[in-house]
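This is structure.cif (mmCIF, C-alpha atoms and all ligand atoms).
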```cif
data_input
#
loop_
_atom_site.group_PDB
_atom_site.id
_atom_site.type_symbol
_atom_site.label_atom_id
_atom_site.label_comp_id
_atom_site.auth_asym_id
_atom_site.auth_seq_id
_atom_site.Cartn_x
_atom_site.Cartn_y
_atom_site.Cartn_z
ATOM 1 C CA MET A 1 -42.250 -9.096 43.223
ATOM 2 C CA ALA A 2 -43.399 -11.794 40.794
ATOM 3 C CA ILE A 3 -47.089 -12.125 40.065
ATOM 4 C CA ASN A 4 -49.121 -14.739 38.221
ATOM 5 C CA GLU A 5 -51.269 -12.978 35.634
ATOM 6 C CA ILE A 6 -54.069 -14.562 33.636
ATOM 7 C CA THR A 7 -53.363 -13.017 30.249
ATOM 8 C CA ARG A 8 -55.356 -13.058 27.017
ATOM 9 C CA VAL A 9 -53.776 -13.840 23.650
ATOM 10 C CA ALA A 10 -54.004 -10.699 21.503
ATOM 11 C CA SER A 11 -52.214 -12.178 18.489
ATOM 12 C CA HIS A 12 -50.049 -15.148 17.564
ATOM 13 C CA GLU A 13 -48.243 -14.627 14.280
ATOM 14 C CA PRO A 14 -45.409 -16.390 12.432
ATOM 15 C CA ALA A 15 -41.989 -14.772 12.926
ATOM 16 C CA GLY A 16 -40.132 -16.913 10.365
ATOM 17 C CA PRO A 17 -39.979 -20.658 9.711
ATOM 18 C CA GLY A 18 -40.417 -22.393 13.107
ATOM 19 C CA TYR A 19 -40.692 -19.114 15.060
ATOM 20 C CA ARG A 20 -43.706 -17.153 16.325
ATOM 21 C CA PHE A 21 -44.583 -13.919 18.060
ATOM 22 C CA LEU A 22 -47.062 -14.366 20.896
ATOM 23 C CA VAL A 23 -48.623 -11.102 22.072
ATOM 24 C CA LEU A 24 -50.504 -11.183 25.366
ATOM 25 C CA ASP A 25 -52.782 -8.631 26.980
ATOM 26 C CA ALA A 26 -50.986 -8.493 30.312
ATOM 27 C CA PRO A 27 -51.297 -5.016 31.844
ATOM 28 C CA GLN A 28 -49.787 -5.862 35.239
ATOM 29 C CA LEU A 29 -46.733 -7.626 33.820
ATOM 30 C CA ALA A 30 -46.226 -5.063 31.059
ATOM 31 C CA ALA A 31 -46.009 -2.311 33.659
ATOM 32 C CA GLN A 32 -43.295 -4.085 35.662
ATOM 33 C CA LEU A 33 -41.015 -5.952 33.239
ATOM 34 C CA VAL A 34 -37.562 -4.657 32.346
ATOM 35 C CA PRO A 35 -35.362 -5.863 29.451
ATOM 36 C CA GLY A 36 -33.591 -9.158 30.114
ATOM 37 C CA GLN A 37 -36.113 -10.416 32.643
ATOM 38 C CA PHE A 38 -38.113 -13.496 31.736
ATOM 39 C CA VAL A 39 -41.589 -14.884 32.278
ATOM 40 C CA HIS A 40 -42.640 -18.434 33.121
ATOM 41 C CA VAL A 41 -45.501 -19.549 30.923
ATOM 42 C CA LYS A 42 -48.017 -22.255 31.795
ATOM 43 C CA VAL A 43 -48.692 -23.708 28.378
ATOM 44 C CA PRO A 44 -52.492 -24.161 28.172
ATOM 45 C CA ALA A 45 -52.564 -27.229 25.935
ATOM 46 C CA LEU A 46 -50.170 -29.204 28.179
ATOM 47 C CA GLU A 47 -51.464 -31.370 31.018
ATOM 48 C CA ALA A 48 -51.983 -29.649 34.396
ATOM 49 C CA SER A 49 -48.881 -31.239 35.964
ATOM 50 C CA ALA A 50 -46.546 -30.079 33.179
ATOM 51 C CA LEU A 51 -43.804 -27.611 34.067
ATOM 52 C CA ARG A 52 -43.905 -24.013 32.944
ATOM 53 C CA ARG A 53 -41.586 -22.826 30.164
ATOM 54 C CA PRO A 54 -39.295 -19.748 30.500
ATOM 55 C CA PHE A 55 -39.214 -17.065 27.796
ATOM 56 C CA SER A 56 -37.438 -13.732 27.528
ATOM 57 C CA VAL A 57 -39.590 -10.700 26.970
ATOM 58 C CA PHE A 58 -39.414 -9.360 23.417
ATOM 59 C CA ASP A 59 -41.459 -6.284 24.282
ATOM 60 C CA ALA A 60 -43.606 -4.924 27.101
ATOM 61 C CA ASP A 61 -45.601 -1.837 26.223
ATOM 62 C CA ASN A 62 -49.145 -0.463 26.248
ATOM 63 C CA GLY A 63 -50.445 -3.228 28.505
ATOM 64 C CA GLN A 64 -49.106 -5.984 26.259
ATOM 65 C CA VAL A 65 -46.233 -8.443 26.582
ATOM 66 C CA ALA A 66 -44.723 -9.952 23.424
ATOM 67 C CA LEU A 67 -42.672 -13.149 23.278
ATOM 68 C CA LEU A 68 -40.653 -14.490 20.346
ATOM 69 C CA TYR A 69 -40.242 -18.239 20.505
ATOM 70 C CA LYS A 70 -38.865 -21.180 18.581
ATOM 71 C CA ASN A 71 -40.811 -24.412 18.296
ATOM 72 C CA VAL A 72 -38.290 -26.946 19.668
ATOM 73 C CA GLY A 73 -40.219 -29.546 21.680
ATOM 74 C CA ARG A 74 -43.361 -30.609 23.490
ATOM 75 C CA GLY A 75 -44.046 -27.347 25.338
ATOM 76 C CA THR A 76 -43.449 -24.997 22.440
ATOM 77 C CA ALA A 77 -45.380 -27.311 20.065
ATOM 78 C CA ALA A 78 -48.356 -27.058 22.427
ATOM 79 C CA LEU A 79 -47.884 -23.283 22.744
ATOM 80 C CA ASN A 80 -48.023 -23.132 18.944
ATOM 81 C CA THR A 81 -51.692 -24.184 19.016
ATOM 82 C CA VAL A 82 -52.833 -21.317 21.281
ATOM 83 C CA GLN A 83 -55.391 -19.065 19.574
ATOM 84 C CA PRO A 84 -56.183 -15.336 19.932
ATOM 85 C CA GLY A 85 -58.781 -14.808 22.673
ATOM 86 C CA GLU A 86 -57.586 -17.785 24.751
ATOM 87 C CA THR A 87 -56.086 -17.262 28.198
ATOM 88 C CA VAL A 88 -52.504 -18.069 29.229
ATOM 89 C CA GLU A 89 -51.185 -18.019 32.799
ATOM 90 C CA VAL A 90 -47.882 -16.151 33.008
ATOM 91 C CA MET A 91 -45.612 -15.675 36.033
ATOM 92 C CA GLY A 92 -43.211 -12.742 36.172
ATOM 93 C CA PRO A 93 -41.254 -10.549 36.211
ATOM 94 C CA LEU A 94 -38.515 -13.101 36.960
ATOM 95 C CA GLY A 95 -34.763 -12.692 37.303
ATOM 96 C CA HIS A 96 -32.408 -9.747 36.897
ATOM 97 C CA GLY A 97 -32.333 -8.013 33.537
ATOM 98 C CA PHE A 98 -29.850 -5.835 31.669
ATOM 99 C CA PRO A 99 -28.878 -2.453 33.090
ATOM 100 C CA GLU A 100 -30.848 0.254 31.315
ATOM 101 C CA THR A 101 -27.817 2.508 31.210
ATOM 102 C CA CYS A 102 -24.791 2.426 28.927
ATOM 103 C CA LYS A 103 -21.564 4.400 28.840
ATOM 104 C CA GLY A 104 -20.644 4.484 25.165
ATOM 105 C CA VAL A 105 -22.053 2.656 22.158
ATOM 106 C CA PRO A 106 -24.463 -0.176 23.073
ATOM 107 C CA LEU A 107 -23.386 -3.213 21.058
ATOM 108 C CA LEU A 108 -26.174 -5.822 21.113
ATOM 109 C CA VAL A 109 -25.156 -9.311 20.023
ATOM 110 C CA GLY A 110 -27.851 -11.944 19.419
ATOM 111 C CA GLY A 111 -28.071 -15.460 18.100
ATOM 112 C CA GLY A 112 -31.404 -16.893 16.909
ATOM 113 C CA TYR A 113 -34.229 -16.191 19.381
ATOM 114 C CA GLY A 114 -31.593 -14.527 21.590
ATOM 115 C CA VAL A 115 -32.547 -11.276 19.859
ATOM 116 C CA ALA A 116 -35.773 -11.278 21.927
ATOM 117 C CA PRO A 117 -34.531 -9.429 25.049
ATOM 118 C CA LEU A 118 -32.248 -7.247 22.894
ATOM 119 C CA TYR A 119 -35.230 -5.734 21.071
ATOM 120 C CA PHE A 120 -36.822 -4.701 24.392
ATOM 121 C CA LEU A 121 -33.449 -3.327 25.538
ATOM 122 C CA ALA A 122 -32.884 -1.373 22.295
ATOM 123 C CA LYS A 123 -36.345 0.134 22.569
ATOM 124 C CA ARG A 124 -35.789 1.257 26.168
ATOM 125 C CA LEU A 125 -32.278 2.635 25.500
ATOM 126 C CA LEU A 126 -33.521 4.624 22.511
ATOM 127 C CA ALA A 127 -36.563 5.927 24.416
ATOM 128 C CA ALA A 128 -34.243 7.115 27.192
ATOM 129 C CA GLY A 129 -31.855 8.707 24.669
ATOM 130 C CA ILE A 130 -29.016 6.414 25.807
ATOM 131 C CA GLY A 131 -26.662 5.772 22.889
ATOM 132 C CA LYS A 132 -27.421 4.487 19.428
ATOM 133 C CA PRO A 133 -27.486 0.689 19.606
ATOM 134 C CA ILE A 134 -25.952 -1.484 16.906
ATOM 135 C CA LEU A 135 -27.341 -5.026 16.612
ATOM 136 C CA PHE A 136 -25.040 -7.872 15.534
ATOM 137 C CA VAL A 137 -27.141 -10.891 14.774
ATOM 138 C CA GLY A 138 -26.179 -14.373 13.695
ATOM 139 C CA GLY A 139 -27.912 -17.574 12.705
ATOM 140 C CA ARG A 140 -27.343 -20.791 10.830
ATOM 141 C CA THR A 141 -29.280 -19.430 7.812
ATOM 142 C CA LYS A 142 -31.204 -16.253 7.012
ATOM 143 C CA ASP A 143 -34.323 -17.960 8.417
ATOM 144 C CA ASP A 144 -32.760 -17.680 11.891
ATOM 145 C CA LEU A 145 -32.293 -13.900 11.639
ATOM 146 C CA LEU A 146 -35.409 -12.734 13.422
ATOM 147 C CA ALA A 147 -37.314 -9.471 13.751
ATOM 148 C CA LEU A 148 -34.776 -7.528 11.662
ATOM 149 C CA ASP A 149 -37.529 -5.307 10.271
ATOM 150 C CA ARG A 150 -38.608 -4.418 13.808
ATOM 151 C CA PHE A 151 -35.087 -3.453 14.859
ATOM 152 C CA ALA A 152 -34.732 -1.394 11.675
ATOM 153 C CA ALA A 153 -38.069 0.334 12.395
ATOM 154 C CA LEU A 154 -36.664 1.388 15.779
ATOM 155 C CA GLY A 155 -33.694 2.943 13.982
ATOM 156 C CA VAL A 156 -31.196 0.301 15.115
ATOM 157 C CA GLU A 157 -28.312 -0.389 12.732
ATOM 158 C CA VAL A 158 -28.270 -4.131 12.001
ATOM 159 C CA ARG A 159 -25.177 -6.151 10.974
ATOM 160 C CA THR A 160 -25.794 -9.800 10.098
ATOM 161 C CA ALA A 161 -23.865 -13.057 9.701
ATOM 162 C CA THR A 162 -25.015 -16.541 8.722
ATOM 163 C CA ASN A 163 -23.117 -19.823 8.777
ATOM 164 C CA ASP A 164 -24.186 -20.618 5.202
ATOM 165 C CA GLY A 165 -23.747 -17.080 3.867
ATOM 166 C CA SER A 166 -27.443 -16.782 2.921
ATOM 167 C CA GLU A 167 -27.460 -13.289 4.467
ATOM 168 C CA GLY A 168 -24.725 -10.947 5.651
ATOM 169 C CA VAL A 169 -21.182 -12.086 6.393
ATOM 170 C CA LYS A 170 -20.567 -15.831 5.852
ATOM 171 C CA GLY A 171 -19.429 -17.162 9.219
ATOM 172 C CA PHE A 172 -19.966 -16.275 12.846
ATOM 173 C CA VAL A 173 -21.485 -13.033 14.071
ATOM 174 C CA THR A 174 -18.239 -12.379 15.958
ATOM 175 C CA GLU A 175 -16.665 -11.423 12.582
ATOM 176 C CA PRO A 176 -18.686 -8.204 12.044
ATOM 177 C CA LEU A 177 -18.509 -7.639 15.815
ATOM 178 C CA ASP A 178 -14.699 -7.791 15.794
ATOM 179 C CA ASP A 179 -14.566 -5.323 12.871
ATOM 180 C CA ALA A 180 -16.688 -2.902 14.922
ATOM 181 C CA LEU A 181 -14.547 -3.396 18.048
ATOM 182 C CA ILE A 182 -11.382 -2.582 16.102
ATOM 183 C CA GLU A 183 -13.033 0.539 14.644
ATOM 184 C CA LEU A 184 -14.299 1.739 18.035
ATOM 185 C CA ARG A 185 -10.944 1.170 19.697
ATOM 186 C CA GLN A 186 -9.147 3.038 16.914
ATOM 187 C CA LYS A 187 -11.484 5.981 17.573
ATOM 188 C CA ASP A 188 -11.050 5.501 21.341
ATOM 189 C CA GLU A 189 -14.833 5.277 21.704
ATOM 190 C CA PRO A 190 -16.193 3.384 24.707
ATOM 191 C CA PHE A 191 -18.841 0.675 24.292
ATOM 192 C CA GLU A 192 -20.744 -1.928 26.273
ATOM 193 C CA LEU A 193 -21.678 -5.415 25.101
ATOM 194 C CA PHE A 194 -25.115 -6.952 25.710
ATOM 195 C CA THR A 195 -25.718 -10.501 24.517
ATOM 196 C CA CYS A 196 -28.195 -13.367 24.449
ATOM 197 C CA GLY A 197 -28.006 -16.563 22.406
ATOM 198 C CA PRO A 198 -26.317 -19.969 22.358
ATOM 199 C CA ASP A 199 -23.568 -20.705 24.904
ATOM 200 C CA GLY A 200 -20.694 -20.486 22.376
ATOM 201 C CA LEU A 201 -21.731 -16.974 21.410
ATOM 202 C CA LEU A 202 -22.169 -15.899 25.032
ATOM 203 C CA LYS A 203 -18.679 -17.069 25.882
ATOM 204 C CA ALA A 204 -17.176 -15.407 22.803
ATOM 205 C CA VAL A 205 -18.811 -12.083 23.685
ATOM 206 C CA ALA A 206 -17.864 -12.365 27.369
ATOM 207 C CA MET A 207 -14.215 -12.946 26.342
ATOM 208 C CA ARG A 208 -14.299 -9.829 24.164
ATOM 209 C CA ALA A 209 -15.709 -7.768 27.043
ATOM 210 C CA THR A 210 -13.065 -8.941 29.512
ATOM 211 C CA GLY A 211 -10.331 -8.766 26.840
ATOM 212 C CA THR A 212 -11.110 -5.133 25.992
ATOM 213 C CA GLY A 213 -11.875 -4.119 29.587
ATOM 214 C CA MET A 214 -15.341 -2.921 28.565
ATOM 215 C CA PRO A 215 -18.546 -3.895 30.402
ATOM 216 C CA GLY A 216 -20.310 -7.017 29.101
ATOM 217 C CA TRP A 217 -23.774 -8.184 30.082
ATOM 218 C CA ILE A 218 -24.448 -11.828 29.348
ATOM 219 C CA SER A 219 -27.932 -13.398 29.435
ATOM 220 C CA MET A 220 -27.479 -17.094 30.239
ATOM 221 C CA ASP A 221 -29.875 -19.621 28.675
ATOM 222 C CA ARG A 222 -29.942 -22.472 31.199
ATOM 223 C CA HIS A 223 -32.516 -25.222 31.361
ATOM 224 C CA MET A 224 -34.966 -24.184 34.088
ATOM 225 C CA VAL A 225 -37.508 -26.105 36.125
ATOM 226 C CA CYS A 226 -39.057 -24.011 38.932
ATOM 227 C CA GLY A 227 -37.943 -20.572 37.687
ATOM 228 C CA VAL A 228 -37.957 -19.146 41.220
ATOM 229 C CA GLY A 229 -34.764 -20.392 42.870
ATOM 230 C CA ALA A 230 -36.064 -23.541 44.566
ATOM 231 C CA CYS A 231 -34.722 -26.475 42.505
ATOM 232 C CA PHE A 232 -31.073 -25.572 41.613
ATOM 233 C CA ALA A 233 -31.588 -26.832 38.032
ATOM 234 C CA CYS A 234 -30.119 -23.671 36.505
ATOM 235 C CA ILE A 235 -26.693 -23.398 38.167
ATOM 236 C CA GLN A 236 -23.971 -21.162 36.731
ATOM 237 C CA LYS A 237 -20.606 -20.720 38.428
ATOM 238 C CA VAL A 238 -19.762 -17.078 39.138
ATOM 239 C CA LYS A 239 -16.863 -15.354 40.884
ATOM 240 C CA LEU A 240 -17.536 -13.368 44.041
ATOM 241 C CA PRO A 241 -15.601 -10.120 44.710
ATOM 242 C CA ASN A 242 -13.351 -12.017 47.207
ATOM 243 C CA GLY A 243 -12.397 -14.534 44.486
ATOM 244 C CA ASP A 244 -14.562 -17.388 45.785
ATOM 245 C CA VAL A 245 -16.654 -19.275 43.235
ATOM 246 C CA PHE A 246 -20.380 -19.403 43.896
ATOM 247 C CA ASN A 247 -23.119 -21.609 42.367
ATOM 248 C CA ALA A 248 -25.523 -18.923 41.154
ATOM 249 C CA ARG A 249 -29.055 -19.797 40.106
ATOM 250 C CA CYS A 250 -29.730 -18.239 36.716
ATOM 251 C CA CYS A 251 -33.427 -17.788 37.471
ATOM 252 C CA VAL A 252 -32.906 -15.570 40.527
ATOM 253 C CA ASN A 253 -29.272 -14.349 40.365
ATOM 254 C CA GLY A 254 -29.446 -13.981 36.541
ATOM 255 C CA PRO A 255 -30.241 -14.641 33.792
ATOM 256 C CA VAL A 256 -28.097 -11.557 33.082
ATOM 257 C CA PHE A 257 -24.594 -11.650 34.601
ATOM 258 C CA LYS A 258 -21.554 -9.408 34.291
ATOM 259 C CA ALA A 259 -19.068 -10.935 31.844
ATOM 260 C CA GLU A 260 -16.185 -10.642 34.311
ATOM 261 C CA ASP A 261 -18.086 -12.640 36.972
ATOM 262 C CA LEU A 262 -18.778 -15.731 34.860
ATOM 263 C CA VAL A 263 -16.713 -18.900 35.251
ATOM 264 C CA TRP A 264 -16.817 -20.917 31.997
HETATM 265 C C1 LIG A 301 -34.189 -17.293 30.770
HETATM 266 C C2 LIG A 301 -34.612 -18.026 29.517
HETATM 267 C C3 LIG A 301 -35.153 -17.290 28.457
HETATM 268 C C4 LIG A 301 -35.568 -17.952 27.303
HETATM 269 N N1 LIG A 301 -36.089 -17.202 26.286
HETATM 270 C C5 LIG A 301 -36.531 -17.801 25.173
HETATM 271 C C6 LIG A 301 -37.102 -17.036 24.115
HETATM 272 O O1 LIG A 301 -37.208 -15.806 24.189
HETATM 273 N N2 LIG A 301 -37.536 -17.702 23.013
HETATM 274 C C7 LIG A 301 -37.415 -19.062 22.909
HETATM 275 O O2 LIG A 301 -37.812 -19.612 21.877
HETATM 276 N N3 LIG A 301 -36.892 -19.808 23.893
HETATM 277 C C8 LIG A 301 -36.451 -19.212 25.011
HETATM 278 N N4 LIG A 301 -35.890 -19.972 26.018
HETATM 279 C C9 LIG A 301 -35.786 -21.425 25.837
HETATM 280 C C10 LIG A 301 -37.149 -22.049 26.078
HETATM 281 O O3 LIG A 301 -37.475 -21.944 27.443
HETATM 282 C C11 LIG A 301 -37.090 -23.533 25.685
HETATM 283 O O4 LIG A 301 -36.867 -23.626 24.300
HETATM 284 C C12 LIG A 301 -38.392 -24.199 25.989
HETATM 285 O O5 LIG A 301 -38.579 -24.282 27.374
HETATM 286 C C13 LIG A 301 -38.400 -25.581 25.399
HETATM 287 O O6 LIG A 301 -39.591 -26.218 25.817
HETATM 288 P P1 LIG A 301 -40.149 -27.455 25.008
HETATM 289 O O7 LIG A 301 -41.062 -28.219 25.911
HETATM 290 O O8 LIG A 301 -40.736 -27.013 23.705
HETATM 291 O O9 LIG A 301 -38.875 -28.283 24.651
HETATM 292 P P2 LIG A 301 -38.320 -29.573 25.393
HETATM 293 O O10 LIG A 301 -39.104 -30.740 24.892
HETATM 294 O O11 LIG A 301 -38.240 -29.327 26.869
HETATM 295 O O12 LIG A 301 -36.852 -29.560 24.810
HETATM 296 C C14 LIG A 301 -36.612 -29.638 23.390
HETATM 297 C C15 LIG A 301 -35.138 -29.448 23.130
HETATM 298 O O13 LIG A 301 -34.734 -28.124 23.521
HETATM 299 C C16 LIG A 301 -33.715 -28.205 24.500
HETATM 300 N N5 LIG A 301 -33.932 -27.130 25.462
HETATM 301 C C17 LIG A 301 -34.956 -26.972 26.327
HETATM 302 N N6 LIG A 301 -34.803 -25.862 27.046
HETATM 303 C C18 LIG A 301 -33.654 -25.290 26.634
HETATM 304 C C19 LIG A 301 -32.926 -24.135 27.004
HETATM 305 N N7 LIG A 301 -33.309 -23.311 27.956
HETATM 306 N N8 LIG A 301 -31.780 -23.878 26.338
HETATM 307 C C20 LIG A 301 -31.307 -24.676 25.393
HETATM 308 N N9 LIG A 301 -31.954 -25.793 24.998
HETATM 309 C C21 LIG A 301 -33.098 -26.100 25.615
HETATM 310 C C22 LIG A 301 -33.859 -29.564 25.130
HETATM 311 O O14 LIG A 301 -32.643 -30.022 25.721
HETATM 312 C C23 LIG A 301 -34.254 -30.387 23.938
HETATM 313 O O15 LIG A 301 -33.146 -30.720 23.140
HETATM 314 C C24 LIG A 301 -35.443 -19.354 27.188
HETATM 315 C C25 LIG A 301 -34.905 -20.081 28.243
HETATM 316 C C26 LIG A 301 -34.482 -19.428 29.386
HETATM 317 C C27 LIG A 301 -33.904 -20.217 30.507
HETATM 318 S S1 LIG A 302 -34.965 -23.091 37.799
HETATM 319 FE FE1 LIG A 302 -35.199 -23.836 39.839
HETATM 320 S S2 LIG A 302 -33.543 -22.839 40.851
HETATM 321 FE FE2 LIG A 302 -33.522 -21.951 38.874
#
```

Take the structure in the file and write it out as structure tokens.
Ligand SMILES: Cc1cc2nc3c(=O)[nH]c(=O)nc-3n(C[C@H](O)[C@H](O)[C@H](O)COP(=O)(O)OP(=O)(O)OC[C@H]3O[C@@H](n4cnc5c(N)ncnc54)[C@H](O)[C@@H]3O)c2cc1C
Ligand code: FES
Amino acid sequence: MAINEITRVASHEPAGPGYRFLVLDAPQLAAQLVPGQFVHVKVPALEASALRRPFSVFDADNGQVALLYKNVGRGTAALNTVQPGETVEVMGPLGHGFPETCKGVPLLVGGGYGVAPLYFLAKRLLAAGIGKPILFVGGRTKDDLLALDRFAALGVEVRTATNDGSEGVKGFVTEPLDDALIELRQKDEPFELFTCGPDGLLKAVAMRATGTGMPGWISMDRHMVCGVGACFACIQKVKLPNGDVFNARCCVNGPVFKAEDLVW
């Protein structure tokens, strides 16, 4: 059941050029959120009539909720000015997250700020002793590879790719991912894919899940307005078990969907 919590900004630090970590004292939300769910933030410096902005949860622990965001437009520019000690209204938990189980090696695949829900997932999987996650992360340049030190501190193996070759493999993150898939299949080791990032990456990962017959969990990044299922702004076509195609709303039926259910 979603609540609207008046949270207090605990810290607001840079996370790389154009990116920031926003940590909120939010005991009620922190106790309820699961990886892959999102929150809808009322940006304080925007006018009262402005819409909320959706963000994945980077971490929820010890009464705090952390977000990792990119400054892309009016809402995130206003969010950028929020100072520690100020209050921020946050609605959540919203949507369906990732399963917190995994049969085999958890392969986490992120692009840019798409690593946000994967950090929370990695932390929960490790705490529950479920597999040893490997993170595959891609970006245009090394400046888009976020929170790598935090993943490493958790004990997650990190494999990187950048379009310009400034860090890791030069090219798409699917290159190191494909190498790992070949290796795992040669060893007959099962795996599951969990992904969040730009549409092209989501589709590429979903195709690899369906192509290998392994489970894939895809977090869709659709433009959202209400965040609670009322406006139909966030439609994604999905297949029903009887083969019919259904207009799912990412905010309530997702944002995480099974790879095999998505219609691209
Ligand atoms: C479920 C979900 C989780 C998200 N998690 C995160 C997160 O963890 N960190 C983060 O930085 N952002 C995240 N986003 C995206 C974030 O909500 C948008 O970047 C933000 O709302 C933009 O607001 P704005 O007013 O600054 O930009 P606007 O002025 O509204 O838009 C600026 C530009 O960004 C584009 N844009 C806006 N929203 C999206 C979107 N959802 N996807 C792709 N392009 C968009 C616009 O088309 C425009 O080109 C998430 C979105 C969803 C739906
Ligand atoms: S954002 Fe309104 S229905 Fe999903």

For the structure shown, which residues end up in the PyMOL selection byres (((chain A and resi 252) around 8) and not hetatm)? Put them as a PyMOL selection string, please? chain A and resi 94-96+227-229+249-251+253-255

Considering all atoms listed in the file, give me a table of residues in chain A that are at most 7 Å from ligand LIG 301 (chain A), with the closest atom pair and distance in Å for each, as JSON lines.
```
{"residue": "A:Phe38", "atom": "CA", "partner": "A:LIG301", "partner_atom": "C1", "distance": 5.5}
{"residue": "A:Arg53", "atom": "CA", "partner": "A:LIG301", "partner_atom": "O5", "distance": 4.4}
{"residue": "A:Pro54", "atom": "CA", "partner": "A:LIG301", "partner_atom": "O3", "distance": 4.2}
{"residue": "A:Phe55", "atom": "CA", "partner": "A:LIG301", "partner_atom": "N1", "distance": 3.5}
{"residue": "A:Ser56", "atom": "CA", "partner": "A:LIG301", "partner_atom": "N1", "distance": 3.9}
{"residue": "A:Val57", "atom": "CA", "partner": "A:LIG301", "partner_atom": "O1", "distance": 6.3}
{"residue": "A:Phe58", "atom": "CA", "partner": "A:LIG301", "partner_atom": "O1", "distance": 6.9}
{"residue": "A:Leu67", "atom": "CA", "partner": "A:LIG301", "partner_atom": "O1", "distance": 6.1}
{"residue": "A:Leu68", "atom": "CA", "partner": "A:LIG301", "partner_atom": "N2", "distance": 5.2}
{"residue": "A:Tyr69", "atom": "CA", "partner": "A:LIG301", "partner_atom": "O2", "distance": 3.1}
{"residue": "A:Lys70", "atom": "CA", "partner": "A:LIG301", "partner_atom": "O2", "distance": 3.8}
{"residue": "A:Asn71", "atom": "CA", "partner": "A:LIG301", "partner_atom": "O8", "distance": 6.0}
{"residue": "A:Val72", "atom": "CA", "partner": "A:LIG301", "partner_atom": "O8", "distance": 4.7}
{"residue": "A:Gly73", "atom": "CA", "partner": "A:LIG301", "partner_atom": "O8", "distance": 3.3}
{"residue": "A:Arg74", "atom": "CA", "partner": "A:LIG301", "partner_atom": "O7", "distance": 4.1}
{"residue": "A:Gly75", "atom": "CA", "partner": "A:LIG301", "partner_atom": "O7", "distance": 3.2}
{"residue": "A:Thr76", "atom": "CA", "partner": "A:LIG301", "partner_atom": "O8", "distance": 3.6}
{"residue": "A:Ala77", "atom": "CA", "partner": "A:LIG301", "partner_atom": "O8", "distance": 5.9}
{"residue": "A:Tyr113", "atom": "CA", "partner": "A:LIG301", "partner_atom": "N2", "distance": 5.1}
{"residue": "A:Gly114", "atom": "CA", "partner": "A:LIG301", "partner_atom": "O1", "distance": 6.3}
{"residue": "A:Ala116", "atom": "CA", "partner": "A:LIG301", "partner_atom": "O1", "distance": 5.3}
{"residue": "A:Pro117", "atom": "CA", "partner": "A:LIG301", "partner_atom": "O1", "distance": 7.0}
{"residue": "A:Met220", "atom": "CA", "partner": "A:LIG301", "partner_atom": "C1", "distance": 6.7}
{"residue": "A:Asp221", "atom": "CA", "partner": "A:LIG301", "partner_atom": "C27", "distance": 4.5}
{"residue": "A:Arg222", "atom": "CA", "partner": "A:LIG301", "partner_atom": "C27", "distance": 4.6}
{"residue": "A:His223", "atom": "CA", "partner": "A:LIG301", "partner_atom": "N7", "distance": 4.0}
{"residue": "A:Met224", "atom": "CA", "partner": "A:LIG301", "partner_atom": "C27", "distance": 5.4}
{"residue": "A:Cys251", "atom": "CA", "partner": "A:LIG301", "partner_atom": "C1", "distance": 6.8}
{"residue": "A:Pro255", "atom": "CA", "partner": "A:LIG301", "partner_atom": "C1", "distance": 5.6}
```

Measuring atom to atom with only C-alpha atoms and all ligand atoms, identify which of A:Trp264, A:Leu125, A:Gly171, A:Leu51 is nearest to ligand LIG 302 (chain A). A:Leu51

Work out how far atom CA of A:Ala78 is from atom CA of A:Arg52, in Å to one decimal. 11.8 Å

Between A:Ile235, A:Val263, A:Ala26, A:Val88, smallest distance to ligand LIG 302 (chain A) by only C-alpha atoms and all ligand atoms belongs to A:Ile235

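Shortest separation to ligand LIG 302 (chain A) among A:Leu202, A:Ala248, A:Ala209, A:Cys231 occurs at residue A:Cys231, atoms counted being all atoms listed in the file.
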
What's the separation between atom CA of A:Pro133 and atom CA of A:Leu107, in Å to one decimal place? 5.8 Å

Would you mind listing what lies within 6 Å of stretch 178-195 of chain A as a PyMOL selection string, with only C-alpha atoms counted and same-chain residues fewer than 4 positions away left out? chain A and resi 104-110+174+214-218

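Shortest separation to A:Lys237 among A:Glu157, A:Asp149, A:Asp143, A:Glu260 occurs at residue A:Glu260, atoms counted being all atoms listed in the file.
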
Can you sort out stretch 14-20 of chain A so it carries N, CA and C atoms, written as a short mmCIF file (atom, residue, chain, number, x, y, z; two decimals), in the coordinates of the input?
```
data_model
loop_
_atom_site.label_atom_id
_atom_site.label_comp_id
_atom_site.auth_asym_id
_atom_site.auth_seq_id
_atom_site.Cartn_x
_atom_site.Cartn_y
_atom_site.Cartn_z
N PRO A 14 -46.72 -15.84 12.79
CA PRO A 14 -45.41 -16.39 12.43
C PRO A 14 -44.34 -15.30 12.48
N ALA A 15 -43.12 -15.71 12.88
CA ALA A 15 -41.99 -14.77 12.93
C ALA A 15 -40.85 -15.29 12.07
N GLY A 16 -41.15 -16.24 11.18
CA GLY A 16 -40.13 -16.91 10.36
C GLY A 16 -40.37 -18.41 10.50
N PRO A 17 -39.73 -19.22 9.65
CA PRO A 17 -39.98 -20.66 9.71
C PRO A 17 -39.63 -21.25 11.08
N GLY A 18 -40.64 -21.78 11.79
CA GLY A 18 -40.42 -22.39 13.11
C GLY A 18 -40.45 -21.41 14.26
N TYR A 19 -40.68 -20.14 14.00
CA TYR A 19 -40.69 -19.11 15.06
C TYR A 19 -42.03 -18.39 15.06
N ARG A 20 -42.46 -17.94 16.25
CA ARG A 20 -43.71 -17.15 16.32
C ARG A 20 -43.60 -16.03 17.35
#
```
